[in-house]
>>> print(open('entry.txt').read())   # compact mmCIF, C-alpha atoms and all ligand atoms
# COMPACT_ATOMS: atom_id res chain seq x y z
CA MET A 1 -17.50 -20.14 6.89
CA LYS A 2 -14.25 -19.57 5.03
CA LYS A 3 -14.05 -21.62 1.83
CA SER A 4 -10.47 -21.19 0.69
CA TYR A 5 -7.10 -21.23 2.41
CA GLY A 6 -3.84 -19.59 1.37
CA TYR A 7 -0.50 -21.31 1.82
CA PHE A 8 2.34 -18.86 2.32
CA MET A 9 6.00 -19.85 2.34
CA PRO A 10 9.34 -18.40 1.24
CA PRO A 11 10.32 -19.73 -2.22
CA VAL A 12 13.57 -21.14 -0.79
CA THR A 13 14.68 -22.19 2.69
CA ILE A 14 18.20 -23.37 3.44
CA MET A 15 18.48 -25.56 6.53
CA GLY A 16 21.14 -27.57 8.33
CA VAL A 17 24.18 -27.00 10.55
CA SER A 18 26.67 -24.55 8.89
CA CYS A 19 24.39 -23.91 5.90
CA LEU A 20 24.95 -20.11 6.02
CA GLU A 21 27.82 -20.22 3.54
CA ASP A 22 25.49 -21.80 0.95
CA ILE A 23 23.60 -18.50 0.53
CA ALA A 24 26.48 -17.42 -1.75
CA ASP A 25 25.15 -19.86 -4.37
CA TYR A 26 21.79 -18.08 -4.32
CA ILE A 27 22.84 -14.43 -3.89
CA LYS A 28 25.47 -14.37 -6.63
CA PRO A 29 23.18 -15.29 -9.58
CA MET A 30 20.55 -12.78 -8.42
CA GLY A 31 22.86 -9.92 -9.41
CA PHE A 32 22.28 -7.80 -6.29
CA LYS A 33 24.67 -4.87 -5.85
CA LYS A 34 24.50 -3.77 -2.24
CA ALA A 35 22.84 -5.20 0.86
CA LEU A 36 21.42 -3.44 3.87
CA ILE A 37 22.15 -5.89 6.70
CA VAL A 38 19.64 -5.40 9.51
CA SER A 39 20.78 -6.76 12.85
CA ASP A 40 21.40 -5.64 16.44
CA LYS A 41 24.38 -4.38 18.43
CA VAL A 42 24.91 -7.61 20.39
CA LEU A 43 25.11 -9.80 17.29
CA VAL A 44 27.61 -7.38 15.74
CA GLU A 45 29.69 -7.22 18.96
CA ILE A 46 29.94 -10.99 19.41
CA GLN A 47 31.06 -11.21 15.75
CA LEU A 48 28.16 -13.41 14.68
CA VAL A 49 27.31 -10.96 11.87
CA LYS A 50 30.89 -11.41 10.65
CA LYS A 51 29.98 -14.95 9.59
CA LEU A 52 27.55 -13.36 7.12
CA THR A 53 29.82 -10.54 5.96
CA ASP A 54 32.63 -13.08 5.35
CA VAL A 55 30.32 -14.83 2.86
CA LEU A 56 29.42 -11.54 1.15
CA ASP A 57 33.09 -10.48 0.99
CA LYS A 58 33.94 -13.76 -0.71
CA ILE A 59 31.41 -13.14 -3.51
CA GLU A 60 32.20 -9.40 -3.63
CA VAL A 61 28.73 -8.18 -2.75
CA GLU A 62 28.80 -4.79 -1.00
CA TYR A 63 26.89 -4.14 2.23
CA VAL A 64 26.23 -1.67 5.01
CA ILE A 65 25.20 -2.78 8.49
CA PHE A 66 22.24 -1.28 10.33
CA ASP A 67 22.58 -2.53 13.93
CA GLY A 68 19.64 -0.56 15.31
CA ALA A 69 16.90 -3.20 15.49
CA GLN A 70 15.86 -3.12 19.16
CA PRO A 71 14.03 -5.95 20.90
CA ASN A 72 10.39 -5.11 20.03
CA PRO A 73 11.48 -3.00 17.02
CA THR A 74 9.90 0.42 16.74
CA VAL A 75 8.67 2.79 14.05
CA SER A 76 11.85 4.85 14.67
CA ASN A 77 14.01 1.77 14.06
CA VAL A 78 12.28 1.23 10.72
CA ASN A 79 12.71 4.91 9.76
CA ASP A 80 16.42 4.90 10.71
CA GLY A 81 17.08 1.72 8.74
CA LEU A 82 15.16 3.05 5.75
CA LYS A 83 17.31 6.20 5.74
CA MET A 84 20.48 4.09 5.72
CA LEU A 85 19.10 1.96 2.89
CA THR A 86 18.23 5.04 0.80
CA ASP A 87 21.45 6.94 1.56
CA ASN A 88 23.50 3.92 0.50
CA GLU A 89 21.37 2.95 -2.52
CA CYS A 90 20.96 -0.65 -1.31
CA ASP A 91 18.99 -2.90 -3.66
CA PHE A 92 18.26 -5.76 -1.22
CA VAL A 93 18.02 -6.45 2.51
CA ILE A 94 19.49 -9.21 4.65
CA SER A 95 18.07 -9.59 8.15
CA PHE A 96 20.31 -11.37 10.62
CA GLY A 97 19.04 -12.30 14.07
CA GLY A 98 15.82 -13.32 15.78
CA GLY A 99 12.36 -11.87 15.34
CA SER A 100 13.32 -8.26 15.99
CA PRO A 101 15.83 -7.80 13.13
CA HIS A 102 13.56 -9.76 10.75
CA ASP A 103 10.50 -7.66 11.60
CA CYS A 104 12.48 -4.43 11.42
CA ALA A 105 13.93 -5.49 8.04
CA LYS A 106 10.48 -6.35 6.70
CA GLY A 107 9.25 -2.91 7.74
CA ILE A 108 12.19 -1.24 5.98
CA ALA A 109 11.90 -3.35 2.82
CA LEU A 110 8.11 -2.91 2.62
CA VAL A 111 8.23 0.89 2.86
CA ALA A 112 11.26 1.04 0.52
CA ALA A 113 9.20 -0.62 -2.22
CA ASN A 114 5.77 0.87 -1.50
CA GLY A 115 6.48 4.36 -0.15
CA GLY A 116 4.57 6.09 2.63
CA LYS A 117 5.27 5.11 6.23
CA ILE A 118 5.16 1.81 8.08
CA GLU A 119 1.99 2.76 9.97
CA ASP A 120 0.15 2.74 6.60
CA TYR A 121 0.54 -1.05 6.41
CA GLU A 122 -0.95 -2.06 9.77
CA GLY A 123 -3.54 -4.78 9.17
CA LEU A 124 -3.95 -7.40 6.46
CA ASN A 125 -2.37 -7.10 2.98
CA LYS A 126 -2.29 -3.31 2.83
CA SER A 127 0.70 -3.01 0.46
CA ALA A 128 0.41 -2.82 -3.34
CA LYS A 129 3.67 -4.55 -4.25
CA PRO A 130 6.29 -6.95 -2.88
CA GLN A 131 8.89 -5.52 -0.55
CA LEU A 132 12.52 -5.12 -1.62
CA PRO A 133 14.04 -8.64 -1.82
CA LEU A 134 14.73 -9.92 1.71
CA ILE A 135 17.06 -12.74 2.73
CA ALA A 136 16.34 -13.66 6.36
CA VAL A 137 19.08 -15.41 8.34
CA ASN A 138 17.74 -16.79 11.60
CA THR A 139 19.72 -17.00 14.86
CA THR A 140 17.00 -18.05 17.34
CA SER A 141 14.47 -20.88 17.53
CA GLY A 142 11.28 -19.02 18.26
CA THR A 143 9.52 -16.37 16.23
CA ALA A 144 9.91 -18.00 12.78
CA SER A 145 9.80 -14.46 11.42
CA GLN A 146 12.46 -15.48 8.89
CA MET A 147 9.77 -17.40 7.01
CA THR A 148 6.46 -15.75 7.90
CA ARG A 149 4.36 -12.93 6.49
CA PHE A 150 3.94 -11.41 9.97
CA CYS A 151 5.73 -8.19 10.89
CA ILE A 152 5.25 -6.73 14.37
CA ILE A 153 6.38 -3.14 14.89
CA THR A 154 5.88 -1.13 18.09
CA ASP A 155 4.35 2.29 17.61
CA GLU A 156 6.05 4.19 20.44
CA SER A 157 3.57 7.06 20.27
CA ARG A 158 0.59 4.78 21.02
CA HIS A 159 2.44 2.13 23.09
CA VAL A 160 0.94 -0.59 20.92
CA LYS A 161 2.38 -3.29 18.75
CA MET A 162 1.15 -2.98 15.18
CA ALA A 163 0.45 -6.32 13.49
CA ILE A 164 1.33 -6.09 9.80
CA VAL A 165 0.19 -9.31 8.15
CA ASP A 166 1.09 -9.07 4.49
CA TRP A 167 2.16 -11.76 2.04
CA HIS A 168 4.49 -9.18 0.46
CA THR A 169 6.70 -9.34 3.58
CA THR A 170 7.72 -12.98 2.95
CA ALA A 171 11.47 -13.42 2.54
CA VAL A 172 12.77 -14.72 -0.80
CA ILE A 173 15.29 -16.90 1.04
CA ALA A 174 15.09 -18.06 4.67
CA VAL A 175 18.16 -19.50 6.36
CA ASP A 176 18.02 -21.78 9.44
CA ASP A 177 21.53 -22.65 10.53
CA ALA A 178 21.68 -24.22 14.02
CA ASP A 179 25.34 -23.25 14.22
CA LEU A 180 24.21 -19.61 14.58
CA MET A 181 22.04 -20.51 17.57
CA VAL A 182 24.62 -21.88 20.01
CA ALA A 183 25.32 -18.31 21.21
CA MET A 184 21.80 -18.01 22.66
CA PRO A 185 21.85 -17.93 26.49
CA PRO A 186 19.54 -20.42 28.29
CA SER A 187 16.91 -17.79 29.14
CA LEU A 188 16.59 -16.76 25.47
CA THR A 189 16.51 -20.40 24.33
CA ALA A 190 13.70 -21.01 26.83
CA ALA A 191 11.67 -17.92 25.89
CA THR A 192 12.01 -18.40 22.13
CA GLY A 193 11.25 -22.13 22.44
CA MET A 194 8.03 -21.36 24.31
CA ASP A 195 7.14 -18.82 21.63
CA ALA A 196 7.45 -21.63 19.06
CA LEU A 197 5.29 -23.91 21.23
CA THR A 198 2.68 -21.15 21.44
CA HIS A 199 2.67 -20.80 17.64
CA ALA A 200 2.07 -24.52 17.22
CA VAL A 201 -0.67 -24.77 19.85
CA GLU A 202 -2.51 -21.63 18.71
CA ALA A 203 -2.35 -22.78 15.07
CA TYR A 204 -3.61 -26.25 16.02
CA VAL A 205 -6.72 -24.90 17.75
CA SER A 206 -7.25 -22.07 15.21
CA ILE A 207 -10.58 -21.89 13.42
CA ILE A 208 -8.75 -21.88 10.07
CA ALA A 209 -6.46 -24.86 10.78
CA THR A 210 -6.20 -27.36 7.92
CA PRO A 211 -4.68 -30.86 7.69
CA VAL A 212 -1.57 -29.17 6.26
CA THR A 213 -1.12 -26.86 9.25
CA ASP A 214 -2.16 -29.59 11.73
CA CYS A 215 0.59 -31.84 10.48
CA ALA A 216 3.23 -29.13 10.96
CA ALA A 217 1.86 -28.03 14.35
CA ILE A 218 1.77 -31.50 15.91
CA LYS A 219 5.29 -32.38 14.73
CA ALA A 220 6.52 -29.05 16.10
CA ILE A 221 4.95 -29.78 19.51
CA GLU A 222 6.52 -33.26 19.58
CA LEU A 223 9.98 -31.85 18.80
CA ILE A 224 9.69 -29.05 21.36
CA ALA A 225 8.55 -31.49 24.07
CA SER A 226 11.52 -33.74 23.25
CA TYR A 227 14.33 -31.21 22.72
CA LEU A 228 13.65 -27.83 24.37
CA ARG A 229 14.77 -28.92 27.85
CA ARG A 230 18.02 -30.24 26.36
CA ALA A 231 18.68 -27.08 24.33
CA VAL A 232 18.18 -24.94 27.46
CA ALA A 233 20.34 -27.19 29.66
CA ASP A 234 23.23 -27.36 27.17
CA GLY A 235 23.43 -24.79 24.39
CA GLN A 236 26.20 -26.82 22.71
CA ASP A 237 23.91 -29.86 22.29
CA MET A 238 23.78 -29.63 18.50
CA GLU A 239 21.17 -32.34 18.05
CA ALA A 240 18.81 -30.42 20.34
CA ARG A 241 19.67 -27.12 18.65
CA GLU A 242 19.04 -28.52 15.19
CA MET A 243 15.78 -30.21 16.18
CA MET A 244 14.61 -26.91 17.69
CA THR A 245 15.27 -25.15 14.36
CA TYR A 246 13.00 -27.69 12.66
CA ALA A 247 10.41 -27.30 15.44
CA GLU A 248 10.44 -23.53 15.13
CA TYR A 249 10.15 -23.74 11.35
CA LEU A 250 7.26 -26.22 11.45
CA ALA A 251 5.45 -24.09 14.02
CA GLY A 252 6.01 -21.20 11.60
CA VAL A 253 4.49 -23.19 8.72
CA ALA A 254 1.48 -23.83 10.96
CA PHE A 255 0.81 -20.29 12.18
CA ASN A 256 1.81 -18.52 8.97
CA ASN A 257 -1.18 -20.26 7.42
CA ALA A 258 -3.59 -20.97 10.30
CA SER A 259 -2.76 -17.76 12.20
CA LEU A 260 -2.77 -17.51 16.00
CA GLY A 261 -5.11 -16.73 18.88
CA TYR A 262 -5.53 -14.86 22.14
CA VAL A 263 -2.14 -15.78 23.59
CA HIS A 264 -0.46 -13.61 20.97
CA ALA A 265 -3.22 -10.99 20.95
CA MET A 266 -2.79 -10.58 24.73
CA ALA A 267 1.00 -10.98 24.81
CA HIS A 268 1.42 -8.22 22.21
CA GLN A 269 -0.22 -5.79 24.64
CA LEU A 270 2.15 -6.73 27.49
CA GLY A 271 5.10 -6.36 25.12
CA GLY A 272 3.92 -3.02 23.76
CA PHE A 273 2.93 -1.57 27.16
CA TYR A 274 5.90 -2.67 29.27
CA ASP A 275 8.53 -3.54 26.63
CA LEU A 276 8.73 -7.16 27.79
CA PRO A 277 10.15 -10.19 25.92
CA HIS A 278 7.61 -11.72 23.56
CA GLY A 279 8.39 -15.37 24.33
CA VAL A 280 8.11 -14.92 28.10
CA CYS A 281 4.75 -13.12 27.81
CA ASN A 282 3.45 -15.93 25.59
CA ALA A 283 4.74 -18.66 27.87
CA ILE A 284 2.99 -17.19 30.91
CA LEU A 285 -0.31 -16.60 29.09
CA LEU A 286 -0.35 -19.91 27.18
CA PRO A 287 -1.82 -22.18 29.90
CA ALA A 288 -4.40 -19.57 30.97
CA VAL A 289 -5.65 -18.97 27.40
CA GLU A 290 -5.67 -22.66 26.52
CA GLU A 291 -7.64 -23.47 29.68
CA TYR A 292 -10.30 -21.16 28.22
CA ASN A 293 -9.99 -22.76 24.75
CA ALA A 294 -10.00 -26.33 26.08
CA LYS A 295 -13.62 -25.84 27.15
CA VAL A 296 -14.51 -25.01 23.54
CA VAL A 297 -12.44 -27.55 21.57
CA PRO A 298 -11.34 -30.22 24.10
CA GLU A 299 -10.83 -32.79 21.33
CA ARG A 300 -7.94 -30.75 19.87
CA PHE A 301 -6.13 -31.03 23.19
CA ILE A 302 -6.13 -34.85 23.05
CA ASP A 303 -3.59 -34.63 20.21
CA ILE A 304 -1.65 -31.88 21.97
CA ALA A 305 -1.38 -33.96 25.17
CA LYS A 306 -0.16 -36.93 23.14
CA ALA A 307 2.40 -34.80 21.27
CA MET A 308 3.62 -33.43 24.62
CA GLY A 309 4.36 -37.03 25.66
CA LYS A 310 1.40 -37.64 27.97
CA ASN A 311 -0.26 -41.07 28.18
CA ILE A 312 -3.87 -40.33 27.28
CA GLU A 313 -5.15 -43.90 27.18
CA GLY A 314 -8.58 -44.12 28.75
CA LEU A 315 -8.83 -40.37 29.36
CA SER A 316 -11.88 -38.35 28.34
CA ALA A 317 -11.33 -35.31 26.12
CA THR A 318 -11.57 -33.04 29.15
CA GLU A 319 -9.07 -35.12 31.12
CA ALA A 320 -6.70 -35.17 28.14
CA ALA A 321 -7.02 -31.39 27.89
CA ASP A 322 -6.05 -31.13 31.57
CA ALA A 323 -3.05 -33.38 30.86
CA ALA A 324 -2.01 -31.11 27.95
CA LEU A 325 -2.22 -28.01 30.13
CA ALA A 326 -0.22 -29.76 32.87
CA ALA A 327 2.46 -30.72 30.34
CA ILE A 328 2.75 -27.11 29.15
CA ARG A 329 3.08 -25.85 32.75
CA GLU A 330 5.67 -28.54 33.58
CA LEU A 331 7.79 -27.62 30.55
CA SER A 332 7.62 -23.91 31.44
CA ALA A 333 8.67 -24.59 35.03
CA ASP A 334 11.49 -26.95 34.01
CA ILE A 335 13.12 -24.33 31.78
CA GLY A 336 12.82 -21.44 34.23
CA ILE A 337 9.97 -19.40 32.75
CA PRO A 338 8.50 -17.01 35.39
CA ALA A 339 5.39 -18.52 36.97
CA GLY A 340 3.11 -15.49 36.53
CA LEU A 341 2.67 -11.95 35.23
CA LYS A 342 3.43 -10.54 38.69
CA GLU A 343 7.06 -11.52 38.17
CA LEU A 344 7.35 -9.33 35.05
CA LYS A 345 9.00 -5.91 35.39
CA GLY A 346 6.50 -3.08 35.29
CA PHE A 347 3.36 -5.20 35.18
CA ASP A 348 0.48 -3.54 37.04
CA ALA A 349 -2.84 -5.38 37.43
CA ASN A 350 -4.64 -2.01 37.29
CA ASP A 351 -3.74 -1.85 33.59
CA ILE A 352 -5.68 -5.05 32.79
CA PRO A 353 -8.83 -3.31 31.47
CA THR A 354 -6.73 -1.26 29.01
CA LEU A 355 -4.68 -4.29 27.99
CA ALA A 356 -7.89 -6.22 27.36
CA VAL A 357 -9.39 -3.43 25.20
CA ASN A 358 -6.26 -3.44 23.03
CA ALA A 359 -6.05 -7.26 22.92
CA LEU A 360 -9.57 -7.42 21.48
CA LYS A 361 -8.41 -5.17 18.62
CA ASP A 362 -5.43 -7.38 17.78
CA ALA A 363 -5.93 -9.33 14.52
CA CYS A 364 -4.29 -12.45 16.00
CA GLY A 365 -7.37 -13.03 18.16
CA LEU A 366 -9.71 -13.41 15.19
CA THR A 367 -8.85 -17.10 14.72
CA ASN A 368 -9.13 -18.09 18.38
CA PRO A 369 -11.61 -20.99 18.79
CA LYS A 370 -14.05 -18.71 20.58
CA GLN A 371 -14.41 -14.94 20.54
CA ALA A 372 -14.17 -13.62 24.08
CA SER A 373 -15.81 -10.69 25.82
CA GLN A 374 -13.85 -7.88 27.44
CA GLU A 375 -14.59 -9.43 30.84
CA GLU A 376 -13.34 -12.86 29.74
CA ILE A 377 -10.06 -11.43 28.42
CA GLU A 378 -9.60 -9.54 31.71
CA ASN A 379 -10.23 -12.77 33.62
CA ILE A 380 -7.63 -14.63 31.55
CA TYR A 381 -5.06 -11.93 32.33
CA ARG A 382 -5.97 -12.21 36.04
CA ALA A 383 -5.69 -16.00 35.95
CA ALA A 384 -2.13 -15.57 34.64
CA ILE A 385 -1.01 -13.16 37.41
FE FE A 401 5.21 -15.37 18.59
>>> encode(input="entry.txt", output="structure tokens", more="lines below")
Ligand SMILES: [Fe+2]
Amino acid sequence: MKKSYGYFMPPVTIMGVSCLEDIADYIKPMGFKKALIVSDKVLVEIQLVKKLTDVLDKIEVEYVIFDGAQPNPTVSNVNDGLKMLTDNECDFVISFGGGSPHDCAKGIALVAANGGKIEDYEGLNKSAKPQLPLIAVNTTSGTASQMTRFCIITDESRHVKMAIVDWHTTAVIAVDDADLMVAMPPSLTAATGMDALTHAVEAYVSIIATPVTDCAAIKAIELIASYLRRAVADGQDMEAREMMTYAEYLAGVAFNNASLGYVHAMAHQLGGFYDLPHGVCNAILLPAVEEYNAKVVPERFIDIAKAMGKNIEGLSATEAADAALAAIRELSADIGIPAGLKELKGFDANDIPTLAVNALKDACGLTNPKQASQEEIENIYRAAI
């Protein structure tokens, strides 16, 4: 039985609509010379990155932009960004985007400070020193990578997602500005929102959950149940957008400290094998995995059902667990998440045994309420088809 629990957070988080310009007050006194901005081509094209460069121009901090963070960032992306950082003698990194730019930036900053190659840091706390200072500006409401110590990089040669869990990858400043999220299309809002819900639920049933993480997880679930439908239906609904930034952040607080479970362990394999969106894979697997977990810790699902807005009065723990699972499925359906794995491009049920072997190696599964056999993991994948 584990006796102590870490609590990992960025030293500073700036939150609120239009808060991006406030980073000038923090960057200027730090005396940085030149930033490597890590983002993607779309965010550069739609001029969202310009909102950041306008702030840097105003305080006369130099920068170069690396726009090569792909969805599911790869080892090559990290190497390319690292070369740009070295060639331009950058002394800090700013990630701008959703999970992919943040994870790519963490990979770059970690190797820049520690040497070697990103593959050397797969696993838990493998680095010797903190990464180059990272400021993480978030533009989605899902991964919470702007504030976590998790960095997921796809190794193209093995077709697997490497989980790098290292407290040295925590940003020094995280920025959550809902104004930067209105550009998200409904499908991305839905997928990232369900990723946040998965973080909260997996952290709540984790074997290393604490009252601190429980508090964050339950509030996150309440906010997602109340505001995700609205944010998907109308991207300009700023109250819904802002509440989803808080929900995402709270879910991040929960899973950064209580870790995750089999939804992520299994979704990483789908993402790595078929290059599929993380949030969608999670959303499809979530009810199937939690049906398995509800048999082990049904009492945890009473609170989840309540947070999802279900009336649980007079229900047994098992009935409340069923109500929680129904609420998750209803939310998924309402926001247009595909109903099963068969709807995902490239998915082939014949791959399930391989996916299950890899899922059992994923560190995220270690905190699931019950350790599953290969056959059980295969059955969960099949139940989600
Ligand atoms: Fe996630």
>>> residues_around(input="entry.txt", residues="Val49 (chain A)", least_positions_apart="2", cutoff="12 Å", atoms="all atoms listed in the file", output="MDAnalysis selection string")
chainID A and resid 20 37:47 51:56 63:67 94:97 101 137:139 180
>>> atom_distance(input="entry.txt", atom1="CA of Gly115 (chain A)", atom2="CA of Pro73 (chain A)")
19.3 Å
>>> residues_near_ligand(input="entry.txt", ligand="ligand FE 401 (chain A)", cutoff="9 Å", atoms="all atoms listed in the file", output="PyMOL selection string")
chain A and resi 99+142-145+192+194-199+260+263-264+267-268+278-279+282
>>> residues_around(input="entry.txt", residues="Leu110 (chain A)", least_positions_apart="3", cutoff="9 Å", atoms="all atoms listed in the file", output="number ranges by chain")
A: 105-107, 113-115, 118, 121, 127, 129-132, 168-169
>>> write_last_selection(input="entry.txt", atoms="C-alpha atoms", output="PDB file, keeping the file's coordinate frame")
ATOM      1  CA  ALA A 105      13.930  -5.490   8.040  1.00  0.00           C
ATOM      2  CA  LYS A 106      10.480  -6.350   6.700  1.00  0.00           C
ATOM      3  CA  GLY A 107       9.250  -2.910   7.740  1.00  0.00           C
ATOM      4  CA  ALA A 113       9.200  -0.620  -2.220  1.00  0.00           C
ATOM      5  CA  ASN A 114       5.770   0.870  -1.500  1.00  0.00           C
ATOM      6  CA  GLY A 115       6.480   4.360  -0.150  1.00  0.00           C
ATOM      7  CA  ILE A 118       5.160   1.810   8.080  1.00  0.00           C
ATOM      8  CA  TYR A 121       0.540  -1.050   6.410  1.00  0.00           C
ATOM      9  CA  SER A 127       0.700  -3.010   0.460  1.00  0.00           C
ATOM     10  CA  LYS A 129       3.670  -4.550  -4.250  1.00  0.00           C
ATOM     11  CA  PRO A 130       6.290  -6.950  -2.880  1.00  0.00           C
ATOM     12  CA  GLN A 131       8.890  -5.520  -0.550  1.00  0.00           C
ATOM     13  CA  LEU A 132      12.520  -5.120  -1.620  1.00  0.00           C
ATOM     14  CA  HIS A 168       4.490  -9.180   0.460  1.00  0.00           C
ATOM     15  CA  THR A 169       6.700  -9.340   3.580  1.00  0.00           C
TER      16      THR A 169
END
>>> atom_distance(input="entry.txt", atom1="CA of Asp322 (chain A)", atom2="CA of Leu228 (chain A)")
21.2 Å
>>> atom_distance(input="entry.txt", atom1="CA of Phe301 (chain A)", atom2="CA of Ala217 (chain A)")
12.3 Å
>>> closest_residue(input="entry.txt", among="A:Ile164, A:Gln146, A:Val78, A:Ser226", to="Asp120 (chain A)", atoms="only C-alpha atoms")
A:Ile164
>>> residues_near_point(input="entry.txt", point="(22.5, -17.8, 23.3)", cutoff="12 Å", atoms="only C-alpha atoms", output="PyMOL selection string")
chain A and resi 42-43+46+48+97-98+139-141+178-192+231-236+241
>>> residues_around(input="entry.txt", residues="Cys90 (chain A)", least_positions_apart="3", cutoff="9 Å", atoms="all atoms listed in the file", output="list in words")
Phe32, Lys33, Lys34, Ala35, Leu36, Glu62, Tyr63, Val64, Met84, Leu85, Thr86, Asp87 and Val93 of chain A
>>> closest_residue(input="entry.txt", among="A:Ala174, A:Val205, A:Ala240, A:Ala324", to="Gly193 (chain A)", atoms="only C-alpha atoms")
A:Ala240
>>> closest_residue(input="entry.txt", among="A:Tyr5, A:Phe92, A:Tyr246, A:Phe150", to="Met162 (chain A)", atoms="only C-alpha atoms")
A:Phe150
>>> closest_residue(input="entry.txt", among="A:Leu82, A:Ala323, A:Ala112, A:Ile59", to="Met30 (chain A)", atoms="all atoms listed in the file")
A:Ile59
